[in-house]
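J.: The following file, start_37.txt, comprises compact mmCIF, C-alpha atoms:
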# COMPACT_ATOMS: atom_id res chain seq x y z
CA PRO A 618 14.24 -7.43 -23.44
CA ALA A 619 17.39 -6.96 -21.41
CA GLN A 620 19.16 -10.06 -20.11
CA LEU A 621 17.82 -11.33 -16.77
CA THR A 622 20.04 -12.48 -13.92
CA THR A 623 19.02 -14.58 -10.93
CA PHE A 624 20.41 -13.95 -7.44
CA LYS A 625 19.88 -16.18 -4.42
CA VAL A 626 19.35 -13.94 -1.40
CA ARG A 627 18.70 -16.76 1.08
CA ASP A 628 17.03 -20.18 1.10
CA ASN A 629 13.74 -20.09 -0.83
CA PHE A 630 14.19 -16.43 -1.75
CA TYR A 631 15.61 -15.30 -5.08
CA MET A 632 15.63 -12.11 -7.12
CA ILE A 633 15.33 -11.93 -10.91
CA ARG A 634 16.81 -8.66 -12.12
CA ASN A 635 17.94 -6.54 -15.01
CA GLY A 636 18.64 -2.83 -15.39
CA GLN A 637 15.57 -2.00 -17.47
CA SER A 638 12.71 -2.70 -15.07
CA GLY A 639 11.78 -3.29 -11.46
CA ASN A 640 12.96 -6.21 -9.35
CA CYS A 641 11.08 -9.50 -9.42
CA SER A 642 11.37 -11.27 -6.08
CA VAL A 643 10.66 -15.01 -5.77
CA LEU A 644 9.45 -16.64 -2.54
CA ILE A 645 9.19 -20.43 -2.72
CA ALA A 646 7.05 -22.67 -0.51
CA ASP A 647 6.06 -26.33 -0.77
CA ASP A 648 2.87 -25.63 -2.70
CA GLY A 649 4.08 -22.89 -5.02
CA VAL A 650 5.64 -19.50 -5.60
CA VAL A 651 4.83 -15.90 -4.71
CA LEU A 652 6.30 -13.22 -6.96
CA ILE A 653 6.67 -9.68 -5.68
CA ASP A 654 6.43 -7.68 -8.93
CA ASN A 655 6.88 -9.21 -12.36
CA LYS A 656 8.42 -6.62 -14.67
CA PHE A 657 7.21 -5.79 -18.20
CA GLU A 658 5.07 -8.13 -20.28
CA MET A 659 8.06 -8.69 -22.59
CA ASP A 660 9.99 -10.11 -19.62
CA HIS A 661 7.44 -12.87 -18.94
CA ASP A 662 9.14 -15.64 -20.91
CA GLY A 663 12.53 -14.74 -19.47
CA ILE A 664 11.16 -14.74 -15.91
CA MET A 665 9.52 -18.13 -16.39
CA THR A 666 12.74 -19.55 -17.85
CA LYS A 667 14.73 -18.29 -14.87
CA LEU A 668 12.04 -19.48 -12.47
CA ARG A 669 12.14 -23.01 -13.91
CA GLU A 670 15.87 -23.11 -13.23
CA ILE A 671 15.03 -22.63 -9.54
CA THR A 672 11.78 -24.54 -9.05
CA ASP A 673 9.06 -26.37 -10.94
CA LYS A 674 6.35 -25.18 -8.56
CA PRO A 675 3.46 -23.06 -9.91
CA VAL A 676 3.13 -19.31 -9.44
CA LEU A 677 0.30 -18.89 -6.93
CA TYR A 678 0.34 -15.13 -6.39
CA VAL A 679 1.85 -12.03 -7.94
CA ILE A 680 2.00 -8.99 -5.66
CA ASN A 681 2.17 -5.64 -7.48
CA THR A 682 3.89 -3.03 -5.32
CA HIS A 683 2.23 -0.42 -7.59
CA MET A 684 0.68 -0.10 -11.02
CA HIS A 685 3.61 0.84 -13.26
CA GLY A 686 4.22 -1.51 -16.17
CA ASP A 687 7.79 -2.36 -15.22
CA HIS A 688 6.38 -3.97 -12.07
CA SER A 689 2.95 -5.20 -13.20
CA GLY A 690 3.33 -5.78 -16.94
CA GLY A 691 3.45 -9.56 -16.67
CA ASN A 692 0.16 -9.84 -14.76
CA ALA A 693 -2.04 -11.12 -17.59
CA LYS A 694 0.36 -13.87 -18.63
CA LYS A 695 0.82 -15.00 -15.02
CA GLN A 696 -2.96 -15.03 -14.58
CA ALA A 697 -3.24 -17.22 -17.68
CA LEU A 698 -1.04 -19.70 -15.79
CA GLY A 699 -3.42 -19.61 -12.81
CA ALA A 700 -1.81 -16.97 -10.59
CA LYS A 701 -3.84 -14.48 -8.58
CA VAL A 702 -2.68 -10.86 -8.55
CA ILE A 703 -2.70 -8.76 -5.37
CA ALA A 704 -2.42 -4.95 -5.30
CA HIS A 705 -3.74 -1.89 -3.54
CA GLU A 706 -7.21 -0.76 -4.56
CA ASN A 707 -5.81 2.56 -5.83
CA ALA A 708 -3.29 0.73 -8.02
CA ARG A 709 -6.04 -1.40 -9.53
CA PHE A 710 -8.13 1.71 -10.16
CA GLN A 711 -5.23 3.35 -11.99
CA MET A 712 -4.59 0.23 -14.07
CA ALA A 713 -8.27 -0.08 -15.01
CA MET A 714 -8.15 3.38 -16.60
CA THR A 715 -5.72 2.18 -19.27
CA GLN A 716 -6.07 -1.62 -19.55
CA THR A 717 -8.63 -4.40 -19.46
CA THR A 718 -6.35 -7.39 -18.89
CA GLY A 719 -3.94 -8.16 -16.09
CA LEU A 720 -6.02 -6.35 -13.47
CA PRO A 721 -5.48 -7.46 -9.87
CA THR A 722 -8.20 -9.77 -8.55
CA ILE A 723 -7.40 -9.28 -4.86
CA THR A 724 -6.99 -5.78 -3.41
CA LEU A 725 -6.36 -4.25 -0.02
CA GLU A 726 -6.94 -0.87 1.56
CA ASP A 727 -4.59 -0.77 4.57
CA HIS A 728 -3.33 -4.27 5.40
CA MET A 729 -3.62 -7.93 4.52
CA ARG A 730 -1.64 -11.00 5.55
CA LEU A 731 -0.59 -13.89 3.33
CA TYR A 732 0.72 -17.16 4.79
CA HIS A 733 3.13 -18.83 2.38
CA GLY A 734 5.16 -21.73 3.76
CA GLU A 735 7.86 -20.36 6.05
CA PHE A 736 6.96 -16.82 5.02
CA ILE A 737 4.39 -14.54 6.61
CA LEU A 738 3.79 -11.61 4.27
CA ASP A 739 2.28 -8.53 5.88
CA ILE A 740 1.21 -6.24 3.04
CA TYR A 741 0.69 -2.61 4.02
CA TRP A 742 -0.46 0.63 2.45
CA LEU A 743 1.30 3.29 4.51
CA GLY A 744 0.61 6.40 2.45
CA ARG A 745 1.24 8.17 -0.80
CA GLY A 746 4.67 8.70 -2.34
CA HIS A 747 5.77 7.40 -5.72
CA THR A 748 2.03 6.89 -6.52
CA ASP A 749 -1.12 6.68 -4.41
CA GLY A 750 -1.16 2.88 -4.59
CA ASP A 751 2.30 1.92 -3.32
CA ILE A 752 2.37 -1.04 -0.97
CA VAL A 753 5.19 -2.47 1.11
CA VAL A 754 5.60 -6.16 1.91
CA HIS A 755 6.99 -6.96 5.34
CA LEU A 756 8.39 -10.37 6.26
CA PRO A 757 8.53 -10.19 10.07
CA LYS A 758 10.19 -13.60 10.58
CA GLN A 759 12.97 -12.68 8.15
CA ASN A 760 13.26 -9.04 9.31
CA MET A 761 12.89 -7.95 5.69
CA ILE A 762 10.86 -5.41 3.77
CA PHE A 763 10.07 -4.91 0.09
CA THR A 764 9.45 -1.25 -0.69
CA GLY A 765 8.64 -1.13 -4.39
CA ASP A 766 9.51 2.26 -5.84
CA LEU A 767 8.93 4.05 -2.55
CA PHE A 768 12.67 3.34 -2.37
CA ALA A 769 14.58 2.66 -5.57
CA THR A 770 18.36 2.68 -5.92
CA TRP A 771 19.56 3.45 -9.41
CA ASP A 772 22.22 6.00 -10.46
CA PRO A 773 22.08 6.55 -7.45
CA TYR A 774 18.35 6.95 -6.81
CA VAL A 775 15.10 7.05 -8.71
CA THR A 776 12.89 9.89 -7.47
CA LEU A 777 9.89 9.62 -9.80
CA ILE A 778 6.90 11.38 -8.25
CA ASP A 779 4.01 10.29 -10.45
CA TYR A 780 1.50 13.06 -9.77
CA PRO A 781 -1.00 11.84 -12.41
CA GLY A 782 -0.80 8.50 -10.58
CA GLY A 783 -1.54 10.12 -7.23
CA GLY A 784 2.08 10.56 -6.11
CA SER A 785 3.14 13.14 -3.55
CA LEU A 786 6.56 14.46 -2.54
CA ARG A 787 5.06 16.01 0.59
CA GLU A 788 3.56 12.71 1.75
CA TRP A 789 6.46 10.52 0.59
CA THR A 790 8.75 11.25 3.54
CA ARG A 791 5.90 10.63 5.98
CA THR A 792 5.24 7.28 4.32
CA LEU A 793 8.93 6.38 4.66
CA GLU A 794 8.77 7.25 8.35
CA ARG A 795 5.94 4.74 8.75
CA ILE A 796 8.03 2.14 6.95
CA GLU A 797 10.93 2.84 9.32
CA ALA A 798 8.63 2.08 12.27
CA LEU A 799 8.45 -1.57 11.15
CA PRO A 800 11.07 -4.07 12.41
CA PHE A 801 13.49 -5.01 9.62
CA ASP A 802 17.17 -5.26 8.80
CA THR A 803 17.15 -6.01 5.06
CA VAL A 804 15.51 -3.81 2.46
CA ILE A 805 14.62 -4.96 -1.06
CA PRO A 806 14.11 -1.79 -3.11
CA GLY A 807 12.02 -1.48 -6.26
CA HIS A 808 15.21 -1.18 -8.32
CA GLY A 809 18.68 -2.26 -7.21
CA GLY A 810 20.05 -4.96 -4.95
CA PRO A 811 19.32 -5.80 -1.31
CA THR A 812 20.37 -3.10 1.12
CA ASP A 813 19.72 -1.95 4.68
CA ARG A 814 17.84 0.42 6.95
CA ALA A 815 20.60 3.05 6.89
CA HIS A 816 20.37 3.29 3.10
CA LEU A 817 16.62 3.83 3.33
CA ALA A 818 17.22 6.64 5.83
CA THR A 819 19.67 8.26 3.40
CA TYR A 820 17.02 8.13 0.69
CA LYS A 821 14.49 9.80 2.97
CA ALA A 822 17.05 12.54 3.67
CA VAL A 823 17.45 13.11 -0.08
CA LEU A 824 13.69 13.59 -0.45
CA THR A 825 13.61 15.92 2.55
CA ARG A 826 16.38 18.00 0.98
CA MET A 827 14.40 18.15 -2.26
CA GLN A 828 11.35 19.40 -0.35
CA ASP A 829 13.39 22.07 1.40
CA MET A 830 15.12 23.32 -1.76
CA VAL A 831 11.92 23.59 -3.79
CA ARG A 832 10.08 25.23 -0.91
CA GLU A 833 12.84 27.85 -0.53
CA MET A 834 12.90 28.58 -4.27
CA ASN A 835 9.12 28.96 -4.23
CA ARG A 836 9.38 31.49 -1.41
CA ALA A 837 11.97 33.50 -3.34
CA SER A 838 9.78 33.41 -6.44
CA ALA A 839 6.69 34.53 -4.52
CA ALA A 840 8.61 37.52 -3.17
CA LYS A 841 9.68 38.55 -6.67
CA VAL A 842 6.18 38.10 -8.07
CA ALA A 843 4.82 40.27 -5.25
CA GLN A 844 7.22 43.05 -6.26
CA CYS A 845 5.67 43.08 -9.74
CA GLY A 846 2.41 44.47 -8.43
CA ARG A 847 -1.01 42.97 -9.01
CA ALA A 848 -1.65 44.84 -12.23
CA ASP A 849 1.58 43.87 -13.99
CA THR A 850 0.48 40.52 -15.40
CA GLN A 851 3.41 40.22 -17.78
CA CYS A 852 5.95 40.70 -15.01
CA ARG A 853 4.21 38.13 -12.82
CA GLU A 854 4.08 35.57 -15.66
CA LEU A 855 7.76 36.10 -16.53
CA GLU A 856 8.87 35.67 -12.92
CA THR A 857 6.72 32.55 -12.53
CA LYS A 858 8.17 31.02 -15.70
CA LYS A 859 11.72 31.88 -14.66
CA SER A 860 11.16 30.26 -11.28
CA ARG A 861 9.81 27.09 -12.91
CA ASP A 862 12.83 26.95 -15.21
CA ASP A 863 15.19 27.48 -12.27
CA ILE A 864 13.52 24.75 -10.21
CA GLN A 865 13.64 22.36 -13.16
CA LYS A 866 17.35 23.01 -13.61
CA MET A 867 17.97 22.47 -9.90
CA LEU A 868 16.04 19.19 -9.89
CA GLU A 869 17.96 17.98 -12.93
CA THR A 870 21.31 18.95 -11.43
CA GLU A 871 20.78 17.93 -7.83
CA PHE A 872 18.31 15.03 -8.08
CA GLY A 873 18.72 13.56 -11.55
CA PHE A 874 15.36 14.63 -12.96
CA ARG A 875 15.12 13.97 -16.68
CA GLY A 876 12.65 12.82 -19.33
CA PHE A 877 9.42 11.38 -17.99
CA VAL A 878 10.56 11.98 -14.40
CA THR A 879 10.42 15.73 -15.15
CA THR A 880 7.20 15.45 -17.15
CA LEU A 881 5.32 13.63 -14.39
CA GLY A 882 6.87 15.39 -11.39
CA LEU A 883 7.98 18.96 -12.01
CA ASP A 884 4.76 20.96 -11.85
CA GLY A 885 3.33 18.81 -9.06
CA VAL A 886 6.42 19.34 -6.91
CA ILE A 887 6.22 23.10 -7.43
CA ARG A 888 2.53 23.18 -6.48
CA GLU A 889 2.94 20.95 -3.42
CA MET A 890 5.90 22.87 -2.03
CA GLN A 891 4.21 26.28 -2.19
Take the structure in the file and give it back as structure tokens.
T.:
Amino acid sequence: PAQLTTFKVRDNFYMIRNGQSGNCSVLIADDGVVLIDNKFEMDHDGIMTKLREITDKPVLYVINTHMHGDHSGGNAKKQALGAKVIAHENARFQMAMTQTTGLPTITLEDHMRLYHGEFILDIYWLGRGHTDGDIVVHLPKQNMIFTGDLFATWDPYVTLIDYPGGGSLREWTRTLERIEALPFDTVIPGHGGPTDRAHLATYKAVLTRMQDMVREMNRASAAKVAQCGRADTQCRELETKKSRDDIQKMLETEFGFRGFVTTLGLDGVIREMQ
């Protein structure tokens, strides 16, 4: 696994990071530790080594911001140490389709609150976006929010819309608007370092631009398909394929789509933006 680095954000709050997986955030109280996400399974030993450099307190809870393995992969090994795993019910459902270990034991639908030393953690499900089980963790006393991959900063952004996992480009911007309604100054994204509210607004604008561009290209394609006539199946199929290819090229050029991001997102984006 890639080398891990520890950053102190403020007293009793650290981040354990590398460039290969999601952030692992560490909140320390007198009785133990809460982790917000815990990377891949292969990162477990590295996380525990870094954690022991900060504190000898036990891991009480792991909060999964969603089900992807680079955020939830260490669940089973943390559970073996006595930690309880918290996630949205939809995230647990998705995990249970592909695994039998490391499943969350505490789930929420819309909101739950966790009291942890100086920290009050308000955990919300505010809508679909990256998946259908994305949660945000709000620390009202610290004016801070953890977004998971509803907001991820990496080269410069990650815009993975996991349609098989219930994701939605159409709903994503609405979910971000609900996040913006919460009081916070500091944002901890799913990937990347601490940032601010203005950066989150920029990300939402990028997604809105993606919606608009795909929607406009769909309209142009529909007009060309209509010119083919109902009986000309070959013409309609060729125009539809050309439009898909054009949209894929645009998403790769303008929004950094590539690899599994294209595989999981392309056709869903085209359908949703009809």
J.: Can you work out the spacing between CA of Leu881 (chain A) and CA of Val702 (chain A) in Å, to one decimal?
T.: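 Interatomic distance, CA of Leu881 (chain A) to CA of Val702 (chain A): 26.4 Å.
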J.: Restricting the calculation to only C-alpha atoms: of A:Gly691, A:Gly663, A:Gly885, A:Pro721, which residue gets closest to Ala708 (chain A)?
T.: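 Selected residue with least distance to Ala708 (chain A): A:Pro721.
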J.: For the interface of region 696-731 of chain A with region 773-795 of chain A (cut-off 12 Å, counting all atoms listed in the file), please tabulate each contacting residue of region 696-731 of chain A alongside its nearest pair of atoms and their separation in Å to one decimal, rows sorted by chain and increasing number, as CSV.
T.:
residue,atom,partner,partner_atom,distance
A:Asn707,CA,A:Gly783,CA,8.8
A:Ala708,CA,A:Gly782,CA,8.6
A:Arg709,CA,A:Gly782,CA,11.3
A:Phe710,CA,A:Gly782,CA,10.0
A:Gln711,CA,A:Gly782,CA,6.9
A:Met712,CA,A:Gly782,CA,9.7
A:Met714,CA,A:Gly782,CA,10.8
A:Thr715,CA,A:Gly782,CA,11.8
J.: Tell me which protein, DNA and RNA residues are within 9 Å of region 669-677 of chain A, counting all atoms listed in the file, leaving out same-chain ones fewer than 6 positions away, and put them as a list in words.
T.: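 Non-adjacent residues within range: Tyr631, Ile645, Ala646, Asp647, Asp648, Gly649, Val650, Val651, Leu652, Lys695, Leu698, Gly699, Ala700, Lys701 and Val702 of chain A.
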J.: Identify, on the basis of all atoms listed in the file, every residue whose closest approach to region 850-865 of chain A does not exceed 9 Å; exclude the query and any residue fewer than 4 positions from it along the same chain; express the result as a ChimeraX atom specification.
T.: /A:830-831,834-835,837-839,841-846,869-870,874,879,883-884,887
J.: Output C-alpha atoms for every residue in the selection just made, as a PDB file, keeping the file's coordinate frame.
T.:
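Full text of out24.pdb as output:
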ATOM      1  CA  MET A 830      15.120  23.320  -1.760  1.00  0.00           C
ATOM      2  CA  VAL A 831      11.920  23.590  -3.790  1.00  0.00           C
ATOM      3  CA  MET A 834      12.900  28.580  -4.270  1.00  0.00           C
ATOM      4  CA  ASN A 835       9.120  28.960  -4.230  1.00  0.00           C
ATOM      5  CA  ALA A 837      11.970  33.500  -3.340  1.00  0.00           C
ATOM      6  CA  SER A 838       9.780  33.410  -6.440  1.00  0.00           C
ATOM      7  CA  ALA A 839       6.690  34.530  -4.520  1.00  0.00           C
ATOM      8  CA  LYS A 841       9.680  38.550  -6.670  1.00  0.00           C
ATOM      9  CA  VAL A 842       6.180  38.100  -8.070  1.00  0.00           C
ATOM     10  CA  ALA A 843       4.820  40.270  -5.250  1.00  0.00           C
ATOM     11  CA  GLN A 844       7.220  43.050  -6.260  1.00  0.00           C
ATOM     12  CA  CYS A 845       5.670  43.080  -9.740  1.00  0.00           C
ATOM     13  CA  GLY A 846       2.410  44.470  -8.430  1.00  0.00           C
ATOM     14  CA  GLU A 869      17.960  17.980 -12.930  1.00  0.00           C
ATOM     15  CA  THR A 870      21.310  18.950 -11.430  1.00  0.00           C
ATOM     16  CA  PHE A 874      15.360  14.630 -12.960  1.00  0.00           C
ATOM     17  CA  THR A 879      10.420  15.730 -15.150  1.00  0.00           C
ATOM     18  CA  LEU A 883       7.980  18.960 -12.010  1.00  0.00           C
ATOM     19  CA  ASP A 884       4.760  20.960 -11.850  1.00  0.00           C
ATOM     20  CA  ILE A 887       6.220  23.100  -7.430  1.00  0.00           C
TER      21      ILE A 887
END
J.: By how many Å are CA of Ala704 (chain A) and CA of Arg875 (chain A) apart?
T.: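 These atoms are spaced 28.2 Å apart.
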J.: Counting only C-alpha atoms, which residue out of A:Gly690, A:Thr622, A:Gly807, A:Arg627 sits closest to Gln759 (chain A)?
T.: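 The shortest atom-to-atom distance to Gln759 (chain A) comes from A:Arg627.
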J.: Any idea what the distance is between CA of Ala818 (chain A) and CA of Gly744 (chain A)?
T.: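 Result for CA of Ala818 (chain A) versus CA of Gly744 (chain A): 17.0 Å, one decimal.
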J.: Pick the closest to Asp766 (chain A) from A:Leu817, A:Met659, A:Met890, A:Ile664: which is it, counting only C-alpha atoms?
T.: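 For Asp766 (chain A), the nearest of the given residues is A:Leu817.
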J.: Pick from A:Leu725, A:Phe877, A:Ile762, A:Gly810: nearest to Asn635 (chain A), with all atoms listed in the file counted?
T.: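 Going through A:Leu725, A:Phe877, A:Ile762, A:Gly810 one by one, the smallest distance to Asn635 (chain A) is for A:Gly810.
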J.: Which residues are near Asp654 (chain A)? Cut-off 8 Å, only C-alpha atoms, ignore same chain within fewer than 2 positions. Put them as a PyMOL selection string.
T.: chain A and resi 639-642+652+656+679-682+688-689
J.: Nearest to Trp771 (chain A): which of A:His808, A:Lys758, A:His816, A:His728 is it, counting all atoms listed in the file?
T.: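 Looking only at the distances to Trp771 (chain A), the closest residue turns out to be A:His808.
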J.: Given 3 Å on each side, where is the centre and what are the edge lengths in Å to one decimal of the axis-aligned box enclosing the listed atoms of region 826-840 of chain A, as JSON?
T.:
{"center_x": 11.5, "center_y": 27.8, "center_z": -2.5, "size_x": 15.7, "size_y": 25.5, "size_z": 13.8}
J.: Considering only C-alpha atoms, state which residue in the set A:Phe801, A:Pro811, A:Ser638, A:Pro757 is at the smallest distance from Ile737 (chain A).
T.: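 Among A:Phe801, A:Pro811, A:Ser638, A:Pro757, it is A:Pro757 that comes nearest to Ile737 (chain A).
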J.: Near Val626 (chain A), within 12 Å and counting only C-alpha atoms, which residues show up once chain neighbours fewer than 2 positions away are dropped, as a PDB file with C-alpha atoms, keeping the file's coordinate frame?
T.:
ATOM      1  CA  THR A 623      19.020 -14.580 -10.930  1.00  0.00           C
ATOM      2  CA  PHE A 624      20.410 -13.950  -7.440  1.00  0.00           C
ATOM      3  CA  ASP A 628      17.030 -20.180   1.100  1.00  0.00           C
ATOM      4  CA  ASN A 629      13.740 -20.090  -0.830  1.00  0.00           C
ATOM      5  CA  PHE A 630      14.190 -16.430  -1.750  1.00  0.00           C
ATOM      6  CA  TYR A 631      15.610 -15.300  -5.080  1.00  0.00           C
ATOM      7  CA  MET A 632      15.630 -12.110  -7.120  1.00  0.00           C
ATOM      8  CA  ILE A 633      15.330 -11.930 -10.910  1.00  0.00           C
ATOM      9  CA  SER A 642      11.370 -11.270  -6.080  1.00  0.00           C
ATOM     10  CA  VAL A 643      10.660 -15.010  -5.770  1.00  0.00           C
ATOM     11  CA  LEU A 644       9.450 -16.640  -2.540  1.00  0.00           C
ATOM     12  CA  GLN A 759      12.970 -12.680   8.150  1.00  0.00           C
ATOM     13  CA  MET A 761      12.890  -7.950   5.690  1.00  0.00           C
ATOM     14  CA  THR A 803      17.150  -6.010   5.060  1.00  0.00           C
ATOM     15  CA  VAL A 804      15.510  -3.810   2.460  1.00  0.00           C
ATOM     16  CA  ILE A 805      14.620  -4.960  -1.060  1.00  0.00           C
ATOM     17  CA  GLY A 810      20.050  -4.960  -4.950  1.00  0.00           C
ATOM     18  CA  PRO A 811      19.320  -5.800  -1.310  1.00  0.00           C
ATOM     19  CA  THR A 812      20.370  -3.100   1.120  1.00  0.00           C
TER      20      THR A 812
END
J.: Tell me which residues come within 9 Å of (4.8, -4.0, 1.1), as a list in words, counting all atoms listed in the file in the file's coordinates.
T.: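 Returned residue set, sorted by chain then number, is Ile680, Thr682, Leu738, Asp739, Ile740, Tyr741, Trp742, Leu743, Asp751, Ile752, Val753, Val754, His755, Leu756, Ile762, Phe763, Thr764 and Gly765 of chain A.
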J.: Mind rebuilding region 626-653 of chain A with N, CA and C atoms and writing that out as a short mmCIF file (atom, residue, chain, number, x, y, z; two decimals), keeping the file's coordinate frame?
T.:
data_model
loop_
_atom_site.label_atom_id
_atom_site.label_comp_id
_atom_site.auth_asym_id
_atom_site.auth_seq_id
_atom_site.Cartn_x
_atom_site.Cartn_y
_atom_site.Cartn_z
N VAL A 626 19.17 -14.80 -2.56
CA VAL A 626 19.35 -13.94 -1.40
C VAL A 626 19.48 -14.79 -0.14
N ARG A 627 18.64 -15.78 -0.01
CA ARG A 627 18.70 -16.76 1.08
C ARG A 627 17.86 -17.96 0.66
N ASP A 628 17.80 -18.99 1.47
CA ASP A 628 17.03 -20.18 1.10
C ASP A 628 15.59 -19.79 0.77
N ASN A 629 15.13 -20.28 -0.37
CA ASN A 629 13.74 -20.09 -0.83
C ASN A 629 13.41 -18.65 -1.20
N PHE A 630 14.42 -17.81 -1.33
CA PHE A 630 14.19 -16.43 -1.75
C PHE A 630 15.25 -16.04 -2.78
N TYR A 631 14.76 -15.70 -3.97
CA TYR A 631 15.61 -15.30 -5.08
C TYR A 631 15.12 -13.98 -5.65
N MET A 632 16.01 -13.30 -6.36
CA MET A 632 15.63 -12.11 -7.12
C MET A 632 15.99 -12.33 -8.58
N ILE A 633 15.08 -11.92 -9.46
CA ILE A 633 15.33 -11.93 -10.91
C ILE A 633 15.40 -10.48 -11.34
N ARG A 634 16.56 -10.09 -11.92
CA ARG A 634 16.81 -8.66 -12.12
C ARG A 634 17.39 -8.39 -13.51
N ASN A 635 17.15 -7.16 -13.95
CA ASN A 635 17.94 -6.54 -15.01
C ASN A 635 17.89 -5.04 -14.78
N GLY A 636 18.57 -4.27 -15.62
CA GLY A 636 18.64 -2.83 -15.39
C GLY A 636 17.52 -2.04 -16.01
N GLN A 637 16.59 -2.71 -16.70
CA GLN A 637 15.57 -2.00 -17.47
C GLN A 637 14.21 -1.93 -16.78
N SER A 638 14.03 -2.67 -15.70
CA SER A 638 12.71 -2.70 -15.07
C SER A 638 12.87 -3.07 -13.60
N GLY A 639 11.76 -3.05 -12.89
CA GLY A 639 11.78 -3.29 -11.46
C GLY A 639 12.20 -4.70 -11.09
N ASN A 640 12.57 -4.89 -9.84
CA ASN A 640 12.96 -6.21 -9.35
C ASN A 640 11.77 -7.16 -9.35
N CYS A 641 12.06 -8.42 -9.59
CA CYS A 641 11.08 -9.50 -9.42
C CYS A 641 11.63 -10.41 -8.33
N SER A 642 10.92 -10.46 -7.20
CA SER A 642 11.37 -11.27 -6.08
C SER A 642 10.56 -12.56 -6.02
N VAL A 643 11.23 -13.66 -5.70
CA VAL A 643 10.66 -15.01 -5.77
C VAL A 643 10.71 -15.63 -4.38
N LEU A 644 9.56 -15.96 -3.83
CA LEU A 644 9.45 -16.64 -2.54
C LEU A 644 8.85 -18.01 -2.77
N ILE A 645 9.58 -19.07 -2.39
CA ILE A 645 9.19 -20.43 -2.72
C ILE A 645 8.73 -21.16 -1.46
N ALA A 646 7.56 -21.80 -1.57
CA ALA A 646 7.05 -22.67 -0.51
C ALA A 646 6.74 -24.03 -1.12
N ASP A 647 6.29 -24.97 -0.28
CA ASP A 647 6.06 -26.33 -0.77
C ASP A 647 5.00 -26.39 -1.86
N ASP A 648 3.98 -25.53 -1.75
CA ASP A 648 2.87 -25.63 -2.70
C ASP A 648 2.99 -24.69 -3.90
N GLY A 649 3.97 -23.79 -3.88
CA GLY A 649 4.08 -22.89 -5.02
C GLY A 649 4.93 -21.67 -4.72
N VAL A 650 4.77 -20.67 -5.58
CA VAL A 650 5.64 -19.50 -5.60
C VAL A 650 4.81 -18.23 -5.47
N VAL A 651 5.34 -17.27 -4.72
CA VAL A 651 4.83 -15.90 -4.71
C VAL A 651 5.89 -15.02 -5.38
N LEU A 652 5.43 -14.22 -6.34
CA LEU A 652 6.30 -13.22 -6.96
C LEU A 652 5.92 -11.84 -6.44
N ILE A 653 6.90 -11.08 -6.02
CA ILE A 653 6.67 -9.68 -5.68
C ILE A 653 7.17 -8.87 -6.87
#
